[in-house]
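**Student:** Sharing work_12.txt here; it has compact mmCIF, C-alpha atoms.
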```txt
# COMPACT_ATOMS: atom_id res chain seq x y z
CA MET Z 100 32.83 11.64 24.36
CA TRP Z 101 30.24 9.22 25.70
CA LYS Z 102 29.97 9.06 29.45
CA GLU Z 103 28.31 6.29 31.40
CA VAL Z 104 25.45 7.61 33.48
CA ASP Z 105 23.82 5.99 36.48
CA VAL Z 106 20.12 6.16 35.67
CA ALA Z 107 19.36 6.01 39.37
CA ASP Z 108 20.79 9.50 39.59
CA HIS Z 109 18.97 10.66 36.45
CA PRO Z 110 15.43 9.26 36.45
CA ASP Z 111 14.41 11.76 33.77
CA ILE Z 112 16.88 10.19 31.32
CA ALA Z 113 15.65 6.69 32.11
CA GLN Z 114 12.06 7.79 31.59
CA GLY Z 115 12.97 9.42 28.30
CA VAL Z 116 14.61 6.23 27.03
CA ILE Z 117 11.60 4.14 28.03
CA GLU Z 118 9.19 6.54 26.32
CA SER Z 119 11.35 6.49 23.21
CA PHE Z 120 11.19 2.70 23.03
CA VAL Z 121 7.43 2.75 23.64
CA ASP Z 122 6.94 5.27 20.83
CA GLU Z 123 9.11 3.27 18.46
CA PHE Z 124 7.28 0.05 19.27
CA PHE Z 125 3.91 1.73 18.67
CA ASP Z 126 5.11 3.11 15.34
CA ARG Z 127 6.31 -0.30 14.19
CA GLU Z 128 3.13 -2.03 15.31
CA HIS Z 129 0.53 0.55 14.30
CA THR Z 130 1.63 3.82 12.68
CA TYR Z 131 3.81 2.55 9.83
CA PRO Z 132 1.63 -0.46 8.90
CA ASN Z 133 -1.49 1.71 8.92
CA MET Z 134 0.18 4.31 6.72
CA HIS Z 135 1.18 1.56 4.28
CA ARG Z 136 -2.29 0.00 4.22
CA SER Z 137 -3.91 3.40 3.83
CA ALA Z 138 -1.66 4.04 0.83
CA MET Z 139 -2.79 0.68 -0.58
CA LEU Z 140 -6.40 1.74 -0.05
CA LEU Z 141 -5.79 4.87 -2.11
CA THR Z 142 -4.11 2.82 -4.84
CA LEU Z 143 -6.86 0.20 -4.94
CA TYR Z 144 -9.64 2.76 -5.12
CA SER Z 145 -7.86 4.69 -7.88
CA PHE Z 146 -7.47 1.43 -9.78
CA PHE Z 147 -11.17 0.71 -9.26
CA GLU Z 148 -12.19 4.09 -10.69
CA ALA Z 149 -9.82 3.74 -13.63
CA THR Z 150 -11.16 0.27 -14.44
CA LEU Z 151 -14.74 1.50 -14.21
CA ALA Z 152 -13.84 4.30 -16.64
CA PHE Z 153 -12.34 1.66 -18.95
CA TYR Z 154 -15.64 -0.26 -18.87
CA CYS Z 155 -17.51 2.92 -19.81
CA GLU Z 156 -15.22 3.66 -22.72
CA LEU Z 157 -15.30 0.06 -23.91
CA LEU Z 158 -19.10 -0.03 -23.94
CA ARG Z 159 -19.33 3.40 -25.55
CA LYS Z 160 -17.22 2.17 -28.47
CA CYS Z 161 -18.73 -1.31 -28.73
CA LEU Z 162 -22.34 -0.12 -28.61
CA ASN Z 163 -21.71 3.16 -30.43
CA ILE Z 164 -23.29 5.13 -27.59
CA ARG Z 165 -23.51 8.84 -28.32
CA ALA Z 166 -24.15 9.98 -24.76
CA PRO Z 167 -21.03 11.79 -23.52
CA MET Z 168 -18.90 10.20 -20.86
CA ALA Z 169 -19.09 11.48 -17.31
CA LYS Z 170 -16.83 14.50 -16.86
CA SER Z 171 -16.40 14.31 -13.10
CA GLY Z 172 -14.23 11.20 -13.21
CA SER Z 173 -15.90 9.71 -10.14
CA ALA Z 174 -17.13 6.16 -9.66
CA ILE Z 175 -20.62 7.44 -8.88
CA ALA Z 176 -20.74 9.33 -12.18
CA TYR Z 177 -19.42 6.29 -14.07
CA ARG Z 178 -22.13 4.11 -12.55
CA ALA Z 179 -24.82 6.62 -13.50
CA TRP Z 180 -23.54 6.61 -17.09
CA LEU Z 181 -23.40 2.81 -17.25
CA GLU Z 182 -26.97 2.47 -15.99
CA LYS Z 183 -28.60 5.31 -17.93
CA SER Z 184 -26.62 5.34 -21.16
CA ALA Z 185 -25.48 1.73 -21.52
CA ASP Z 186 -28.36 -0.07 -19.76
CA VAL Z 187 -26.01 -2.07 -17.53
CA ASP Z 188 -27.77 -4.05 -14.81
CA PHE Z 189 -26.14 -3.44 -11.42
CA SER Z 190 -28.48 -5.65 -9.41
CA SER Z 191 -26.00 -8.49 -8.87
CA ALA Z 192 -23.14 -6.06 -8.19
CA ASN Z 193 -24.98 -3.82 -5.71
CA GLN Z 194 -23.83 -5.71 -2.63
CA TYR Z 195 -20.20 -5.18 -3.59
CA TRP Z 196 -20.80 -1.62 -4.75
CA THR Z 197 -22.07 -0.73 -1.29
CA GLU Z 198 -18.86 -1.90 0.35
CA ILE Z 199 -16.69 -0.26 -2.31
CA ASP Z 200 -18.52 2.99 -1.62
CA HIS Z 201 -17.39 2.63 2.00
CA PHE Z 202 -13.86 2.24 0.62
CA ARG Z 203 -14.42 5.58 -1.12
CA GLU Z 204 -15.43 7.20 2.16
CA LEU Z 205 -12.42 5.70 3.92
CA ARG Z 206 -10.20 6.92 1.10
CA ASN Z 207 -11.63 10.44 1.35
CA SER Z 208 -11.08 10.53 5.10
CA VAL Z 209 -7.42 9.59 4.57
CA VAL Z 210 -6.90 12.20 1.86
CA HIS Z 211 -8.82 15.04 3.47
CA ALA Z 212 -8.91 14.42 7.23
CA TYR Z 213 -5.93 12.27 8.31
CA GLY Z 214 -8.22 9.27 8.68
CA ASP Z 215 -10.99 11.01 10.62
CA ILE Z 216 -14.36 9.70 9.38
CA GLY Z 217 -16.30 12.60 10.87
CA ALA Z 218 -20.01 12.13 11.48
CA LYS Z 219 -20.68 9.51 8.80
CA VAL Z 220 -23.06 7.17 10.62
CA SER Z 221 -23.20 4.48 7.92
CA LEU Z 222 -19.40 4.39 7.70
CA GLU Z 223 -19.11 4.14 11.47
CA THR Z 224 -21.50 1.19 11.43
CA TYR Z 225 -19.49 -0.45 8.64
CA ILE Z 226 -16.24 -0.10 10.59
CA LYS Z 227 -17.83 -1.57 13.71
CA GLN Z 228 -19.06 -4.59 11.76
CA SER Z 229 -15.92 -5.17 9.68
CA PRO Z 230 -13.24 -7.58 10.95
CA HIS Z 231 -10.75 -5.78 8.68
CA ILE Z 232 -10.97 -2.30 10.27
CA SER Z 233 -10.99 -0.95 13.80
CA PHE Z 234 -11.22 2.45 15.41
CA SER Z 235 -8.00 4.10 16.52
CA GLU Z 236 -7.30 6.89 18.98
CA ILE Z 237 -4.95 8.62 16.57
CA GLY Z 238 -5.32 9.55 12.95
CA LEU Z 239 -3.02 8.73 10.09
CA GLY Z 240 0.60 8.79 11.18
CA TYR Z 241 1.29 11.36 13.87
CA CYS Z 242 -1.73 13.54 13.09
CA HIS Z 243 -4.24 13.32 15.91
CA THR Z 244 -7.88 13.81 15.01
CA MET Z 245 -10.69 15.43 16.91
CA GLY Z 246 -13.22 12.81 15.86
CA LYS Z 247 -13.08 9.12 14.98
CA SER Z 248 -10.17 7.64 13.09
CA PHE Z 249 -9.56 4.08 11.93
CA GLU Z 250 -6.81 1.51 11.56
CA LEU Z 251 -6.73 -1.05 8.76
CA ALA Z 252 -6.00 -4.64 9.73
CA PRO Z 253 -3.41 -6.75 7.83
CA SER Z 254 -6.30 -8.57 6.15
CA PHE Z 255 -7.86 -5.41 4.72
CA VAL Z 256 -5.89 -5.14 1.47
CA GLY Z 257 -6.61 -8.74 0.48
CA HIS Z 258 -10.27 -8.34 1.39
CA ALA Z 259 -10.65 -5.09 -0.57
CA THR Z 260 -8.94 -6.62 -3.61
CA GLU Z 261 -11.33 -9.58 -3.49
CA VAL Z 262 -14.39 -7.32 -3.20
CA ILE Z 263 -13.33 -5.25 -6.21
CA ALA Z 264 -12.56 -8.36 -8.27
CA VAL Z 265 -15.96 -9.91 -7.54
CA PHE Z 266 -17.67 -6.58 -8.24
CA PHE Z 267 -16.29 -6.52 -11.79
CA GLU Z 268 -17.25 -10.15 -12.24
CA LYS Z 269 -20.84 -9.28 -11.28
CA LEU Z 270 -20.74 -6.12 -13.38
CA THR Z 271 -19.75 -8.23 -16.37
CA ASP Z 272 -22.80 -10.40 -15.67
CA GLY Z 273 -24.88 -7.23 -15.80
CA MET Z 274 -23.62 -6.54 -19.32
CA ARG Z 275 -24.36 -9.95 -20.79
CA HIS Z 276 -27.74 -8.94 -22.18
CA LEU Z 277 -26.01 -6.26 -24.26
CA PHE Z 278 -23.91 -8.75 -26.22
CA PRO Z 279 -24.85 -12.07 -27.86
CA LEU Z 280 -21.58 -13.53 -26.62
CA SER Z 281 -20.71 -16.65 -24.70
CA GLU Z 282 -18.42 -16.52 -21.68
CA ASN Z 283 -15.61 -17.87 -23.85
CA ASP Z 284 -16.19 -15.09 -26.40
CA ILE Z 285 -15.79 -12.49 -23.66
CA VAL Z 286 -12.57 -14.11 -22.45
CA VAL Z 287 -11.26 -14.11 -26.02
CA ALA Z 288 -12.13 -10.41 -26.34
CA LEU Z 289 -10.30 -9.59 -23.11
CA THR Z 290 -7.29 -11.60 -24.27
CA HIS Z 291 -7.30 -9.76 -27.59
CA HIS Z 292 -7.43 -6.42 -25.77
CA TYR Z 293 -4.34 -7.30 -23.79
CA GLU Z 294 -2.60 -8.56 -26.92
CA LEU Z 295 -2.78 -4.96 -28.11
CA GLU Z 296 -2.17 -3.24 -24.78
CA ASP Z 297 -0.08 -5.54 -22.60
CA GLN Z 298 1.79 -8.51 -24.04
CA LYS Z 299 2.87 -9.78 -20.64
CA MET Z 300 -0.68 -9.77 -19.27
CA CYS Z 301 -1.91 -11.48 -22.43
CA ALA Z 302 0.62 -14.29 -21.95
CA GLU Z 303 -0.43 -14.68 -18.32
CA ILE Z 304 -4.11 -14.92 -19.29
CA LYS Z 305 -3.33 -17.58 -21.88
CA ALA Z 306 -1.35 -19.47 -19.25
CA LEU Z 307 -4.57 -19.91 -17.24
CA GLY Z 308 -5.55 -22.70 -19.62
CA SER Z 309 -7.56 -23.37 -22.74
CA ASN Z 310 -10.94 -22.44 -21.28
CA PRO Z 311 -10.63 -20.06 -18.29
CA SER Z 312 -13.74 -18.50 -16.79
CA ILE Z 313 -14.37 -14.76 -16.75
CA ALA Z 314 -13.93 -14.88 -12.98
CA ASP Z 315 -10.46 -16.44 -13.36
CA VAL Z 316 -9.43 -13.83 -15.90
CA MET Z 317 -10.76 -10.87 -13.90
CA ARG Z 318 -9.14 -12.08 -10.70
CA HIS Z 319 -5.84 -12.40 -12.55
CA ILE Z 320 -6.11 -8.94 -14.10
CA LEU Z 321 -6.94 -7.40 -10.73
```
Translate the structure described by the file into structure tokens.

**Tutor:**
Amino acid sequence: MWKEVDVADHPDIAQGVIESFVDEFFDREHTYPNMHRSAMLLTLYSFFEATLAFYCELLRKCLNIRAPMAKSGSAIAYRAWLEKSADVDFSSANQYWTEIDHFRELRNSVVHAYGDIGAKVSLETYIKQSPHISFSEIGLGYCHTMGKSFELAPSFVGHATEVIAVFFEKLTDGMRHLFPLSENDIVVALTHHYELEDQKMCAEIKALGSNPSIADVMRHIL
């Protein structure tokens, strides 16, 4: 049976209720959103690595490259293969690669250290300069860290998606010298690929119009 209690006679109960509401408010405002955005970070970076691997495999087949693919399955290894074995020019994509590499470090800190970035000076500088990330006193969820942890702002996921999309646009530019193809030819090739692999995506690409740019197509795919 519930019994009405005068909180004036039980200040400990009143304090407990207040603390419970404070904890719940903090979870709703910070803990749960940060856990969700951190999960999105993991998903986006995994997608980035998988797409980079797809680029490697596509070039290996198109150019009949005999050099074996990277075995480590990491973005760094894929880049090394693209530059050394496929002669892909990363110069226009470097700016975006640098930020994506910070995404990798953020991802690793989530997976291995509850969001604690450790002593990574360059990553700390990046977080300080980014409007999409801030430092947090706690780690991921309820796991407190001994070092420096971060919290992703609501704008982070959209920003990260945009950076990855532009990176692949610039990476495609770095492949142009390998193929005597116009931009329209490349779009047609991408459309044909999705005709074989993903009918729905193919229809969506065609719906972009009669002459979409590579940027439009890549943004839609991503």

**Student:** To one decimal in Å, tell me the separation between CA of Ser171 (chain Z) and CA of Ile199 (chain Z).

**Tutor:** 18.1 Å

**Student:** Residues within 9 Å of Trp180 (chain Z), please, as a list in words. Count all atoms listed in the file; anything in the same chain fewer than 3 positions from it doesn't count.

**Tutor:**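 Close residues of Trp180 (chain Z): Cys155, Ala166, Pro167, Met168, Ala169, Ile175, Ala176, Tyr177, Lys183, Ser184, Ala185 and Asp186 of chain Z.
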
**Student:** Would you work out the distance separating CA of Asn133 (chain Z) from CA of Ala218 (chain Z), expressed in Å to one decimal?

**Tutor:**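 Taking CA of Asn133 (chain Z) and CA of Ala218 (chain Z), their separation equals 21.4 Å.
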
**Student:** So how far away is CA of Phe267 (chain Z) from CA of Glu156 (chain Z), in Å?

**Tutor:**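 Atom-to-atom, CA of Glu156 (chain Z) to CA of Phe267 (chain Z), that is 15.0 Å.
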
**Student:** Using all atoms listed in the file, which of the listed residues (Z:Lys305, Z:Arg275, Z:His231, Z:Lys160) sits closest to Phe255 (chain Z)?

**Tutor:**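 Smallest separation from Phe255 (chain Z) among the options: Z:His231.
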
**Student:** For Ala264 (chain Z), which residue out of Z:Cys161, Z:Ser173, Z:Tyr195, Z:His201 is the nearest one, using all atoms listed in the file?

**Tutor:**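 That would be Z:Tyr195, the residue with the smallest distance to Ala264 (chain Z).
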
**Student:** Taking into account all atoms listed in the file, which residue in the set Z:Leu270, Z:Met139, Z:Leu277, Z:Ala252 is nearest to Tyr154 (chain Z)?

**Tutor:** Z:Leu270

**Student:** Please return the centre and edge lengths, in Å to one decimal, of a box with edges along x, y and z that contains all listed atoms of region 137-142 of chain Z, widened by 4 Å on every side, as AutoDock Vina command-line options.

**Tutor:**
```
--center_x -4.0 --center_y 2.8 --center_z -0.5 --size_x 12.7 --size_y 12.2 --size_z 16.7
```

**Student:** I need the residue nearest Asn193 (chain Z) from this list: Z:Gly217, Z:Gly273, Z:Pro132, Z:Gly308. Use all atoms listed in the file for the distance.

**Tutor:**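 Nearest candidate to Asn193 (chain Z) out of Z:Gly217, Z:Gly273, Z:Pro132, Z:Gly308: Z:Gly273.
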
**Student:** List as a list in words: which residues have an atom within 6 Å of (-7.2, -1.8, 11.6), counting only C-alpha atoms?

**Tutor:**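 These residues have at least one counted atom within 6 Å: Ile232, Ser233, Glu250, Leu251 and Ala252 of chain Z.
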
**Student:** Could you check which of Z:Thr150, Z:Thr271, Z:Asn207, Z:Ser137 is closest to Val187 (chain Z), using only C-alpha atoms?

**Tutor:**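 Ranked by minimum distance to Val187 (chain Z), first place goes to Z:Thr271.
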
**Student:** Which one of Z:Val209, Z:Ile226, Z:Leu158, Z:Met274 sits closest to Arg136 (chain Z) if you count only C-alpha atoms?

**Tutor:** Z:Val209
